[in-house]
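Shown next: final-v1.csv, containing CSV, C-alpha atoms.
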chain,number,residue,atom,x,y,z
A,1,MET,CA,7.4,33.2,-9.9
A,2,LEU,CA,4.0,34.3,-8.5
A,3,GLY,CA,2.4,33.7,-11.9
A,4,LEU,CA,4.1,30.3,-12.3
A,5,THR,CA,3.0,29.0,-8.9
A,6,SER,CA,-0.5,30.3,-9.5
A,7,VAL,CA,-0.7,28.5,-12.9
A,8,CYS,CA,0.7,25.3,-11.3
A,9,VAL,CA,-1.9,25.3,-8.5
A,10,PHE,CA,-4.7,25.9,-11.0
A,11,LEU,CA,-3.6,23.1,-13.2
A,12,PHE,CA,-3.1,20.7,-10.3
A,13,PHE,CA,-6.8,20.7,-9.6
A,14,ALA,CA,-8.3,21.5,-13.1
A,15,LEU,CA,-6.6,18.5,-14.7
A,16,ALA,CA,-6.8,16.1,-11.7
A,17,LEU,CA,-9.8,14.0,-12.9
A,18,ALA,CA,-10.2,14.9,-16.5
A,19,VAL,CA,-6.6,14.0,-17.6
A,20,THR,CA,-4.8,10.8,-16.7
A,21,SER,CA,-2.4,11.7,-13.9
A,22,GLY,CA,-3.3,15.3,-14.6
A,23,TYR,CA,-2.6,16.3,-11.0
A,24,SER,CA,1.1,15.4,-11.4
A,25,LEU,CA,1.8,18.2,-14.0
A,26,GLY,CA,1.4,21.1,-11.6
A,27,ALA,CA,3.1,19.3,-8.8
A,28,LEU,CA,6.1,18.4,-10.9
A,29,ILE,CA,6.6,22.0,-12.1
A,30,LEU,CA,6.3,23.2,-8.5
A,31,LEU,CA,8.9,20.7,-7.5
A,32,LEU,CA,11.3,21.7,-10.2
A,33,SER,CA,10.7,25.4,-9.4
A,34,SER,CA,11.7,24.7,-5.8
A,35,MET,CA,15.4,24.4,-7.0
A,36,LEU,CA,15.3,28.2,-7.5
A,37,LEU,CA,15.3,28.5,-3.7
A,38,LEU,CA,18.9,27.4,-3.7
A,39,TRP,CA,19.8,30.3,-6.0
A,40,LYS,CA,17.6,33.2,-4.9
A,41,ARG,CA,17.5,32.3,-1.2
A,42,PRO,CA,14.3,34.2,-0.4
A,43,ARG,CA,13.5,35.0,3.3
A,44,LEU,CA,10.9,32.4,4.4
A,45,ASN,CA,10.4,33.5,8.0
A,46,LEU,CA,9.4,30.0,9.1
A,47,GLN,CA,7.4,29.7,12.3
A,48,ARG,CA,7.1,26.8,14.7
A,49,ARG,CA,3.9,25.8,13.0
A,50,ASP,CA,5.7,25.5,9.6
A,51,TYR,CA,8.4,23.3,11.2
A,52,LEU,CA,5.7,21.1,12.7
A,53,LEU,CA,4.0,20.6,9.4
A,54,ILE,CA,7.4,19.9,7.7
A,55,GLY,CA,8.3,17.5,10.5
A,56,THR,CA,5.1,15.6,10.1
A,57,LEU,CA,5.7,15.1,6.4
A,58,LEU,CA,9.3,14.2,6.9
A,59,GLY,CA,8.5,11.9,9.9
A,60,TYR,CA,6.0,9.9,7.9
A,61,PHE,CA,8.6,9.3,5.1
A,62,LEU,CA,11.4,8.4,7.5
A,63,ILE,CA,9.4,5.9,9.5
A,64,TYR,CA,8.1,4.3,6.4
A,65,THR,CA,11.7,4.1,5.0
A,66,CYS,CA,13.2,2.6,8.1
A,67,ASN,CA,10.4,0.1,8.3
A,68,MET,CA,11.0,-0.9,4.7
A,69,LEU,CA,14.7,-1.3,5.2
A,70,TYR,CA,14.1,-3.3,8.4
A,71,HIS,CA,11.8,-5.8,6.7
A,72,GLY,CA,13.8,-5.9,3.5
A,73,ASP,CA,10.9,-4.9,1.3
A,74,GLN,CA,11.4,-4.0,-2.3
A,75,ALA,CA,12.5,-0.4,-3.1
A,76,ARG,CA,9.3,0.3,-5.0
A,77,GLU,CA,7.5,0.4,-1.7
A,78,LEU,CA,9.0,3.9,-1.2
A,79,ASP,CA,7.2,5.2,-4.3
A,80,MET,CA,4.0,6.4,-2.4
A,81,PRO,CA,5.6,7.7,0.9
A,82,SER,CA,8.2,9.6,-1.1
A,83,ARG,CA,5.4,12.1,-2.1
A,84,THR,CA,5.4,13.4,1.5
A,85,LEU,CA,9.1,14.1,1.2
A,86,LEU,CA,8.6,15.8,-2.2
A,87,ALA,CA,5.9,18.0,-0.8
A,88,ILE,CA,8.3,19.7,1.6
A,89,PRO,CA,10.3,21.7,-1.1
A,90,VAL,CA,6.9,22.5,-2.8
A,91,LEU,CA,5.8,23.9,0.5
A,92,LEU,CA,8.9,26.1,0.8
A,93,VAL,CA,8.6,27.5,-2.7
A,94,LEU,CA,4.9,28.2,-2.1
A,95,LEU,CA,5.7,30.0,1.1
A,96,ALA,CA,8.3,32.1,-0.7
A,97,TYR,CA,6.1,32.8,-3.8
A,98,PRO,CA,2.5,32.2,-2.7
A,99,PRO,CA,0.0,31.7,-5.6
A,100,ARG,CA,-3.0,34.0,-6.1
A,101,PRO,CA,-6.0,32.8,-4.2
A,102,ALA,CA,-8.1,32.9,-7.4
A,103,ALA,CA,-5.9,30.2,-8.8
A,104,TRP,CA,-6.9,27.8,-6.0
A,105,TRP,CA,-10.6,28.7,-5.9
A,106,ALA,CA,-10.9,28.4,-9.7
A,107,GLY,CA,-9.0,25.2,-10.1
A,108,LEU,CA,-11.1,23.2,-7.6
A,109,PRO,CA,-14.6,23.6,-9.2
A,110,ILE,CA,-13.3,23.4,-12.7
A,111,GLY,CA,-11.6,20.1,-11.8
A,112,ALA,CA,-14.7,18.7,-10.2
A,113,ILE,CA,-16.9,19.8,-13.1
A,114,ALA,CA,-14.5,18.4,-15.7
A,115,GLY,CA,-14.2,15.1,-13.9
A,116,THR,CA,-17.9,14.7,-13.5
A,117,ALA,CA,-18.5,15.6,-17.2
A,118,LEU,CA,-16.1,12.9,-18.3
A,119,ALA,CA,-17.8,10.4,-15.9
A,120,VAL,CA,-21.2,11.2,-17.3
A,121,TRP,CA,-19.9,10.6,-20.8
A,122,GLN,CA,-18.5,7.2,-19.6
A,123,LEU,CA,-21.8,6.4,-18.1
A,124,CYS,CA,-24.1,7.4,-20.9
A,125,ALA,CA,-21.9,6.8,-24.0
A,126,LEU,CA,-19.7,4.0,-22.9
A,127,HIS,CA,-22.3,2.4,-20.6
A,128,MET,CA,-19.7,1.8,-17.9
A,129,ASP,CA,-21.2,0.4,-14.7
A,130,ARG,CA,-19.0,2.5,-12.5
A,131,PRO,CA,-17.4,5.5,-14.2
A,132,GLN,CA,-13.9,6.4,-13.1
A,133,ALA,CA,-13.2,9.5,-15.2
A,134,ALA,CA,-9.4,9.6,-16.1
A,135,THR,CA,-8.4,7.6,-13.0
A,136,SER,CA,-7.7,3.9,-12.7
A,137,ASN,CA,-10.1,3.2,-9.9
A,138,ALA,CA,-13.8,4.2,-9.4
A,139,ILE,CA,-13.4,4.3,-5.7
A,140,HIS,CA,-10.5,6.8,-5.8
A,141,TYR,CA,-12.3,8.8,-8.5
A,142,GLY,CA,-15.4,9.1,-6.3
A,143,ASN,CA,-13.4,10.1,-3.3
A,144,VAL,CA,-11.4,12.7,-5.1
A,145,SER,CA,-14.5,14.0,-6.8
A,146,ILE,CA,-16.3,14.6,-3.6
A,147,LEU,CA,-13.2,16.0,-2.0
A,148,LEU,CA,-12.9,18.7,-4.8
A,149,GLY,CA,-16.6,19.4,-4.3
A,150,MET,CA,-16.3,19.9,-0.5
A,151,LEU,CA,-13.2,22.0,-0.9
A,152,SER,CA,-15.0,24.2,-3.5
A,153,LEU,CA,-17.8,25.0,-1.0
A,154,CYS,CA,-15.1,26.3,1.5
A,155,GLY,CA,-14.5,29.3,-0.8
A,156,LEU,CA,-18.0,30.8,-0.4
A,157,GLY,CA,-16.7,33.1,2.3
A,158,TRP,CA,-13.8,34.2,0.1
A,159,ALA,CA,-16.2,34.7,-2.9
A,160,ARG,CA,-18.3,37.2,-0.9
A,161,GLN,CA,-15.3,39.5,-0.7
A,162,GLN,CA,-14.5,39.5,-4.4
A,163,ARG,CA,-15.5,42.1,-7.1
A,164,HIS,CA,-17.4,39.5,-9.1
A,165,ARG,CA,-18.8,37.7,-6.1
A,166,GLY,CA,-21.9,36.5,-7.9
A,167,ALA,CA,-19.9,34.6,-10.6
A,168,TRP,CA,-17.5,33.2,-8.1
A,169,THR,CA,-20.3,32.0,-5.9
A,170,VAL,CA,-22.1,30.3,-8.8
A,171,LEU,CA,-18.8,28.6,-9.9
A,172,LEU,CA,-18.0,27.3,-6.4
A,173,ILE,CA,-21.5,26.0,-5.8
A,174,ALA,CA,-21.4,24.3,-9.2
A,175,GLY,CA,-18.1,22.7,-8.3
A,176,GLY,CA,-19.6,21.5,-5.0
A,177,VAL,CA,-22.7,20.0,-6.8
A,178,ALA,CA,-20.5,18.4,-9.5
A,179,GLY,CA,-18.1,16.9,-6.9
A,180,VAL,CA,-21.0,15.2,-5.1
A,181,ALA,CA,-22.6,14.1,-8.4
A,182,GLY,CA,-19.4,12.5,-9.5
A,183,SER,CA,-19.1,10.6,-6.3
A,184,ILE,CA,-22.7,9.3,-6.7
A,185,ILE,CA,-22.1,8.3,-10.3
A,186,SER,CA,-19.0,6.4,-9.3
A,187,GLY,CA,-20.9,4.4,-6.7
A,188,SER,CA,-18.2,4.9,-4.1
A,189,ARG,CA,-20.2,4.5,-0.9
A,190,GLY,CA,-17.3,5.1,1.4
A,191,GLY,CA,-16.8,8.6,0.2
A,192,TRP,CA,-20.4,9.5,1.0
A,193,LEU,CA,-19.6,9.3,4.7
A,194,VAL,CA,-17.9,12.6,4.5
A,195,LEU,CA,-21.1,14.4,3.5
A,196,PRO,CA,-22.9,14.7,6.9
A,197,VAL,CA,-19.6,15.6,8.6
A,198,CYS,CA,-18.8,18.4,6.1
A,199,VAL,CA,-22.4,19.7,6.0
A,200,PHE,CA,-22.4,20.0,9.8
A,201,LEU,CA,-19.0,21.8,9.7
A,202,TYR,CA,-20.3,24.2,7.0
A,203,ALA,CA,-23.5,24.8,8.9
A,204,PHE,CA,-21.6,25.7,12.0
A,205,HIS,CA,-19.0,27.8,10.2
A,206,TYR,CA,-21.3,29.8,7.9
A,207,THR,CA,-24.1,30.4,10.4
A,208,GLN,CA,-21.8,31.8,13.2
A,209,GLY,CA,-23.5,34.8,14.8
A,210,ARG,CA,-26.8,34.1,13.2
A,211,GLY,CA,-28.4,31.9,15.8
A,212,LYS,CA,-28.7,28.2,16.2
A,213,HIS,CA,-31.9,28.0,14.2
A,214,TYR,CA,-29.8,28.6,11.0
A,215,ILE,CA,-27.8,25.5,11.7
A,216,ALA,CA,-31.0,23.5,12.1
A,217,ILE,CA,-32.3,24.9,8.8
A,218,VAL,CA,-29.1,23.9,7.0
A,219,LEU,CA,-29.1,20.4,8.5
A,220,ALA,CA,-32.8,19.9,7.7
A,221,GLY,CA,-32.2,20.9,4.1
A,222,PHE,CA,-29.4,18.4,3.9
A,223,VAL,CA,-31.6,15.6,5.3
A,224,ALA,CA,-34.3,16.5,2.8
A,225,LEU,CA,-31.9,16.5,-0.2
A,226,SER,CA,-30.5,13.2,1.0
A,227,ALA,CA,-34.0,11.7,1.3
A,228,LEU,CA,-34.8,13.0,-2.2
A,229,ALA,CA,-31.6,11.5,-3.7
A,230,PHE,CA,-32.6,8.1,-2.1
A,231,ALA,CA,-36.2,8.3,-3.2
A,232,LEU,CA,-35.7,9.2,-6.9
A,233,PRO,CA,-36.6,6.5,-9.4
A,234,GLU,CA,-33.6,4.4,-10.4
A,235,SER,CA,-31.6,6.2,-7.7
A,236,PRO,CA,-27.9,5.1,-7.7
A,237,VAL,CA,-27.8,5.9,-4.0
A,238,ARG,CA,-30.6,3.6,-3.2
A,239,GLU,CA,-29.2,0.9,-5.4
A,240,ARG,CA,-25.7,1.0,-3.8
A,241,VAL,CA,-27.2,1.1,-0.3
A,242,ALA,CA,-29.3,-1.9,-1.2
A,243,VAL,CA,-26.2,-3.8,-2.5
A,244,ALA,CA,-24.4,-3.0,0.8
A,245,VAL,CA,-27.2,-4.3,2.9
A,246,ASP,CA,-27.4,-7.5,0.8
A,247,ASP,CA,-23.6,-8.0,1.0
A,248,LEU,CA,-23.7,-7.6,4.8
A,249,GLN,CA,-26.6,-10.1,5.1
A,250,LYS,CA,-24.8,-12.7,2.9
A,251,PHE,CA,-21.6,-12.3,5.0
A,252,LYS,CA,-23.5,-12.6,8.3
A,253,GLN,CA,-25.4,-15.7,7.1
A,254,ASN,CA,-22.6,-17.8,5.6
A,255,ASP,CA,-19.3,-15.7,5.6
A,256,ASN,CA,-19.7,-15.0,1.9
A,257,VAL,CA,-16.6,-13.2,0.7
A,258,THR,CA,-17.5,-13.1,-3.0
A,259,THR,CA,-19.1,-9.6,-2.4
A,260,SER,CA,-17.3,-6.3,-2.1
A,261,ILE,CA,-18.2,-5.8,1.6
A,262,GLY,CA,-17.6,-9.5,2.4
A,263,GLN,CA,-14.1,-9.3,1.0
A,264,ARG,CA,-13.4,-6.1,2.9
A,265,ILE,CA,-14.5,-7.7,6.2
A,266,GLU,CA,-12.3,-10.7,5.5
A,267,MET,CA,-9.3,-8.5,4.7
A,268,TRP,CA,-9.8,-6.5,7.9
A,269,ARG,CA,-10.2,-9.7,10.0
A,270,THR,CA,-7.1,-11.3,8.5
A,271,ALA,CA,-4.9,-8.2,8.8
A,272,LEU,CA,-5.9,-7.6,12.4
A,273,GLU,CA,-5.2,-11.3,13.2
A,274,LEU,CA,-1.7,-11.1,11.6
A,275,SER,CA,-0.9,-7.7,13.3
A,276,THR,CA,-1.1,-9.1,16.8
A,277,GLU,CA,2.0,-11.2,16.2
A,278,HIS,CA,4.2,-8.2,15.2
A,279,ILE,CA,2.5,-5.4,16.9
A,280,TRP,CA,5.3,-2.8,17.1
A,281,LEU,CA,7.0,-3.0,13.6
A,282,GLY,CA,4.5,-5.1,11.6
A,283,LEU,CA,5.2,-7.6,8.9
A,284,GLY,CA,6.3,-5.3,6.1
A,285,SER,CA,4.6,-5.4,2.7
A,286,ASP,CA,6.3,-8.6,1.5
A,287,GLY,CA,5.9,-10.3,4.9
A,288,TYR,CA,2.2,-9.4,4.9
A,289,MET,CA,1.6,-11.1,1.5
A,290,ALA,CA,3.7,-14.1,2.5
A,291,ALA,CA,1.7,-14.5,5.7
A,292,LYS,CA,-1.6,-14.3,3.8
A,293,GLN,CA,-0.3,-17.0,1.5
A,294,THR,CA,0.4,-19.2,4.5
A,295,LEU,CA,-3.0,-18.7,5.9
A,296,ALA,CA,-4.6,-19.5,2.6
A,297,ASN,CA,-2.6,-22.7,2.2
A,298,GLU,CA,-3.7,-23.8,5.7
A,299,GLY,CA,-7.3,-23.0,5.0
A,300,GLU,CA,-7.6,-20.3,7.6
A,301,MET,CA,-8.2,-17.5,5.0
A,302,ASP,CA,-10.3,-17.4,1.9
A,303,LYS,CA,-8.2,-17.3,-1.3
A,304,MET,CA,-10.6,-14.7,-2.7
A,305,ILE,CA,-8.6,-11.9,-1.0
A,306,LEU,CA,-5.1,-13.4,-1.6
A,307,HIS,CA,-4.3,-11.0,-4.5
A,308,HIS,CA,-5.1,-7.8,-2.6
A,309,THR,CA,-1.9,-6.1,-1.6
A,310,ASN,CA,-3.5,-3.9,1.0
A,311,ALA,CA,-6.1,-4.3,3.7
A,312,HIS,CA,-8.6,-1.8,2.2
A,313,ASN,CA,-8.3,0.3,5.4
A,314,ASP,CA,-5.5,2.8,5.9
A,315,TYR,CA,-5.3,2.2,9.7
A,316,ILE,CA,-5.4,-1.6,9.6
A,317,ASP,CA,-3.0,-1.6,6.6
A,318,ALA,CA,-0.5,0.6,8.4
A,319,LEU,CA,-0.8,-1.6,11.6
A,320,VAL,CA,-0.2,-4.9,9.9
A,321,LYS,CA,2.7,-3.7,7.7
A,322,ARG,CA,4.4,-1.1,9.9
A,323,GLY,CA,3.0,-1.9,13.4
A,324,LEU,CA,2.0,0.7,16.0
A,325,ILE,CA,4.9,2.9,15.1
A,326,GLY,CA,3.7,3.1,11.5
A,327,LEU,CA,0.1,3.6,12.6
A,328,ALA,CA,1.3,6.5,14.8
A,329,ALA,CA,3.0,8.1,11.8
A,330,LEU,CA,-0.2,7.8,9.8
A,331,LEU,CA,-2.3,9.3,12.5
A,332,ALA,CA,0.2,12.2,12.8
A,333,LEU,CA,-0.1,12.8,9.0
A,334,PHE,CA,-3.9,13.0,9.3
A,335,PHE,CA,-4.4,14.8,12.5
A,336,LEU,CA,-1.5,17.1,13.3
A,337,PRO,CA,-2.2,19.2,10.2
A,338,LEU,CA,-5.9,19.1,11.2
A,339,THR,CA,-5.0,20.6,14.5
A,340,LEU,CA,-3.0,23.4,12.8
A,341,PHE,CA,-5.8,24.2,10.4
A,342,ALA,CA,-8.4,24.1,13.2
A,343,LYS,CA,-6.5,26.5,15.4
A,344,ALA,CA,-6.1,28.9,12.4
A,345,LEU,CA,-9.9,28.6,11.8
A,346,ARG,CA,-10.7,29.6,15.3
A,347,ARG,CA,-8.1,32.4,15.7
A,348,GLY,CA,-7.3,33.5,12.2
A,349,ASN,CA,-8.5,36.7,10.4
A,350,ALA,CA,-11.4,36.8,7.9
A,351,ALA,CA,-9.1,36.5,4.9
A,352,SER,CA,-7.4,33.3,6.2
A,353,ARG,CA,-10.5,31.4,7.4
A,354,PRO,CA,-11.6,30.1,4.0
A,355,PHE,CA,-8.2,28.4,3.6
A,356,ALA,CA,-8.3,27.2,7.2
A,357,LEU,CA,-11.8,25.7,6.6
A,358,ALA,CA,-10.6,24.0,3.5
A,359,GLY,CA,-7.6,22.6,5.4
A,360,VAL,CA,-9.9,21.2,8.1
A,361,VAL,CA,-12.2,19.7,5.4
A,362,LEU,CA,-9.2,18.1,3.7
A,363,CYS,CA,-7.9,16.6,6.9
A,364,ILE,CA,-11.3,15.3,7.9
A,365,CYS,CA,-12.1,13.7,4.5
A,366,TYR,CA,-9.0,11.6,4.3
A,367,PRO,CA,-9.4,9.8,7.7
A,368,ILE,CA,-12.9,9.0,6.7
A,369,PHE,CA,-11.9,7.8,3.2
A,370,GLY,CA,-9.3,5.5,5.0
A,371,LEU,CA,-12.0,3.6,6.8
A,372,THR,CA,-13.1,1.7,3.7
A,373,THR,CA,-10.1,1.8,1.4
A,374,SER,CA,-6.4,2.3,1.4
A,375,SER,CA,-6.2,5.8,0.1
A,376,LEU,CA,-2.5,6.3,0.4
A,377,THR,CA,-1.5,3.2,-1.6
A,378,LEU,CA,-2.3,4.8,-5.0
A,379,ASN,CA,-0.6,7.8,-6.6
A,380,ILE,CA,-3.8,9.9,-6.8
A,381,GLY,CA,-4.6,9.1,-3.2
A,382,ILE,CA,-1.5,10.4,-1.6
A,383,PHE,CA,-1.0,13.2,-4.2
A,384,MET,CA,-4.4,14.7,-3.4
A,385,LEU,CA,-3.6,14.7,0.3
A,386,VAL,CA,-0.1,16.1,0.7
A,387,PHE,CA,0.0,18.6,-2.1
A,388,PRO,CA,-3.3,20.3,-1.4
A,389,MET,CA,-2.2,20.3,2.2
A,390,VAL,CA,1.0,22.4,1.5
A,391,MET,CA,-0.8,24.6,-1.0
A,392,LEU,CA,-3.5,25.4,1.6
A,393,TRP,CA,-0.9,26.1,4.3
A,394,ALA,CA,1.0,28.5,2.0
A,395,GLN,CA,-2.2,30.3,1.2
A,396,LEU,CA,-3.1,30.5,4.9
A,397,ARG,CA,0.2,31.9,5.9
A,398,ARG,CA,0.1,34.4,3.0
A,399,GLN,CA,-3.3,35.8,4.2
A,400,GLU,CA,-2.0,36.0,7.8
A,401,ARG,CA,1.1,37.9,6.7
A,402,SER,CA,-0.9,40.3,4.5
A,403,SER,CA,-3.2,41.3,7.3
Spell out the structure here as C-alpha cells.
Amino acid sequence: MLGLTSVCVFLFFALALAVTSGYSLGALILLLSSMLLLWKRPRLNLQRRDYLLIGTLLGYFLIYTCNMLYHGDQARELDMPSRTLLAIPVLLVLLAYPPRPAAWWAGLPIGAIAGTALAVWQLCALHMDRPQAATSNAIHYGNVSILLGMLSLCGLGWARQQRHRGAWTVLLIAGGVAGVAGSIISGSRGGWLVLPVCVFLYAFHYTQGRGKHYIAIVLAGFVALSALAFALPESPVRERVAVAVDDLQKFKQNDNVTTSIGQRIEMWRTALELSTEHIWLGLGSDGYMAAKQTLANEGEMDKMILHHTNAHNDYIDALVKRGLIGLAALLALFFLPLTLFAKALRRGNAASRPFALAGVVLCICYPIFGLTTSSLTLNIGIFMLVFPMVMLWAQLRRQERSS
C-alpha cells in the first residue's frame, strides 16, 4: 500500500496540467484504495487536529448540501462540494499508509514543468493568445501552474537533507521557475498576487537565524527580478498590466463592461446588491441566475454578464448564493487548515516543516486566487485545494510520528 499511495500522489501532480483531468487519476485510485480500510482496519491514532480538519471538510459539504436542498437547486450543484467529502477517506488512507516524501516532491516540479512545456507549445506552435495547457480555462491553468511552482520551492529544506541534494534542489527550483513561467504565459494576472506574499514567506522561513539583512537581500532580489520581467521587450507582464489599467480607466469613465475587469466589477456589484436581500441563506444558484435575469430585464444590470454562473470571486459568490452561513463555511475551508499548518510550522520538527510550509502556501494561495475568480466552481480548482491539503497533512503527521 505504501508504494501504491506514493505512485498516486506522484501521478496526481505530474499529470495535473499536461493531461486533461490528469489530477483525477491519482485521486480516484486513492479513493478506491480507501475501501481497504474497512477490511484491514489499521490503527489511525487520530488526534484532535485530525478531527478538526475532517470536520472542516465535512462541514463545508453539509452546509452546501443543506443550502442546495433549501433552495431547491439542481442536484448537479453538489458536484464540486462533493470533492471535500471524498477527500476525507483519502485522508484516512494516507494517514494509514503515508506515501514516501520523494513522491510528493518529485510530482510537483514535474507537473509544473510538463504543464509549462505544453503551454509553450500552444503559444509557439498553435499561436494561442492565452495558452491553457490541458485545462479548459487559462485562468485556472495559470493559478494551478503558479501553485505547483510555489509548492515546489517549499521542498528546498527537505532537499538539503537528501543524499542527492544537488539534483533535488535543481529539480525543485526548476519546478518553481516553470510554475511562475506558466502563469505568466497564461496571462492570469490574479495569480500573480501570490508571488510577493509567498516570496516574503520564503524569505522569512529560509533566513531564520541568519539575520534580518538576509530577508532584505531576498526581497530586493525579488523586486529586481519583477522589474526585469516588466522591462523586457514584448513583456507579457507589462502587456497584461497595461490592459488592466486600460480596462479600469474605461470602466471609470463610462462604466464599460465589455472588458475583462469591467465585467468582473459589474458582477461583483450585482452580486453584492442581490446578497443584501437574502443575507443569511443567500439566493441559491438557480435563484441567483433568476435574479440576474430580472435585473437585466429591468435595465438595472448589463446583459453582458448575464451568462456568467458565478460572481468571479469566491467570497462574493458564496455570499450571494449561500449567505453568511455559506461564506463562513468557505472561510473555514480556507483558514482553519491554514491555522493548523501554521502551528505545525512554528512548533514542528525539522522533518515536518517543509510540509507545514507547503500547507501554509497552499492555504494562502487559494484565498488570494478567490479574489478575482471563483476557484471552487471548476473541477481542477477544488481538486487542487482539498486533495493536496489532505496529502500534505498525512505527510506532516508521518514526519511527526517518525521523530
Could you tell me how far atom CA of Arg346 of chain A lies from atom CA of Gln47 of chain A, in Å and to one decimal? 18.3 Å
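If all atoms listed in the file are the atoms counted, then among A:Asn67, A:Ser6, A:Asn313, A:Ser275 the closest residue to Ile368 of chain A is A:Asn313.
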Can you pull out every residue within 10 Å of Gly55 of chain A, counting only C-alpha atoms, but drop anything in the same chain fewer than 3 positions away, and send it as a ChimeraX atom specification? /A:49-52,58-61,85,88,332-333
Any chance you could export the current selection's C-alpha atoms as a PDB file, in the coordinates of the input?
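Generated output (selection38.pdb):
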ATOM      1  CA  ARG A  49       3.900  25.800  13.000  1.00  0.00           C
ATOM      2  CA  ASP A  50       5.700  25.500   9.600  1.00  0.00           C
ATOM      3  CA  TYR A  51       8.400  23.300  11.200  1.00  0.00           C
ATOM      4  CA  LEU A  52       5.700  21.100  12.700  1.00  0.00           C
ATOM      5  CA  LEU A  58       9.300  14.200   6.900  1.00  0.00           C
ATOM      6  CA  GLY A  59       8.500  11.900   9.900  1.00  0.00           C
ATOM      7  CA  TYR A  60       6.000   9.900   7.900  1.00  0.00           C
ATOM      8  CA  PHE A  61       8.600   9.300   5.100  1.00  0.00           C
ATOM      9  CA  LEU A  85       9.100  14.100   1.200  1.00  0.00           C
ATOM     10  CA  ILE A  88       8.300  19.700   1.600  1.00  0.00           C
ATOM     11  CA  ALA A 332       0.200  12.200  12.800  1.00  0.00           C
ATOM     12  CA  LEU A 333      -0.100  12.800   9.000  1.00  0.00           C
TER      13      LEU A 333
END
Residue nearest Val9 of chain A among A:Leu345, A:Leu38, A:Ala96, A:Ala27 (counting all atoms listed in the file):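 Closest to Val9 of chain A of all the choices is A:Ala27.
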As a PyMOL selection string, please: the residues near segment 108-111 of chain A (cut-off 8 Å, all atoms listed in the file, same-chain neighbours under 4 positions excluded). chain A and resi 10+13-18+104+115+148-149+151-152+171-172+174-176+178-179
Could those residues be written to a file, using C-alpha atoms, as a PDB file, keeping the file's coordinate frame?
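Full text of result_28.pdb as output:
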ATOM      1  CA  PHE A  10      -4.700  25.900 -11.000  1.00  0.00           C
ATOM      2  CA  PHE A  13      -6.800  20.700  -9.600  1.00  0.00           C
ATOM      3  CA  ALA A  14      -8.300  21.500 -13.100  1.00  0.00           C
ATOM      4  CA  LEU A  15      -6.600  18.500 -14.700  1.00  0.00           C
ATOM      5  CA  ALA A  16      -6.800  16.100 -11.700  1.00  0.00           C
ATOM      6  CA  LEU A  17      -9.800  14.000 -12.900  1.00  0.00           C
ATOM      7  CA  ALA A  18     -10.200  14.900 -16.500  1.00  0.00           C
ATOM      8  CA  TRP A 104      -6.900  27.800  -6.000  1.00  0.00           C
ATOM      9  CA  GLY A 115     -14.200  15.100 -13.900  1.00  0.00           C
ATOM     10  CA  LEU A 148     -12.900  18.700  -4.800  1.00  0.00           C
ATOM     11  CA  GLY A 149     -16.600  19.400  -4.300  1.00  0.00           C
ATOM     12  CA  LEU A 151     -13.200  22.000  -0.900  1.00  0.00           C
ATOM     13  CA  SER A 152     -15.000  24.200  -3.500  1.00  0.00           C
ATOM     14  CA  LEU A 171     -18.800  28.600  -9.900  1.00  0.00           C
ATOM     15  CA  LEU A 172     -18.000  27.300  -6.400  1.00  0.00           C
ATOM     16  CA  ALA A 174     -21.400  24.300  -9.200  1.00  0.00           C
ATOM     17  CA  GLY A 175     -18.100  22.700  -8.300  1.00  0.00           C
ATOM     18  CA  GLY A 176     -19.600  21.500  -5.000  1.00  0.00           C
ATOM     19  CA  ALA A 178     -20.500  18.400  -9.500  1.00  0.00           C
ATOM     20  CA  GLY A 179     -18.100  16.900  -6.900  1.00  0.00           C
TER      21      GLY A 179
END
Quick one, how far is atom CA of Ser145 of chain A from atom CA of Val223 of chain A?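 One can read the atom CA of Ser145 of chain A to atom CA of Val223 of chain A distance as 21.0 Å.
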Show which residues sit within 9 Å of Leu195 of chain A, as a PyMOL selection string. Count only C-alpha atoms, and ignore same-chain residues fewer than 4 positions away. chain A and resi 146+150+180+191+199-200
Excluding same-chain residues fewer than 6 positions from Leu4 of chain A, what lies within 9 Å of it counting only C-alpha atoms, as a PyMOL selection string? chain A and resi 29-30+33+99
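For the pair atom CA of Asp79 of chain A and atom CA of Phe369 of chain A, the separation is 20.7 Å.
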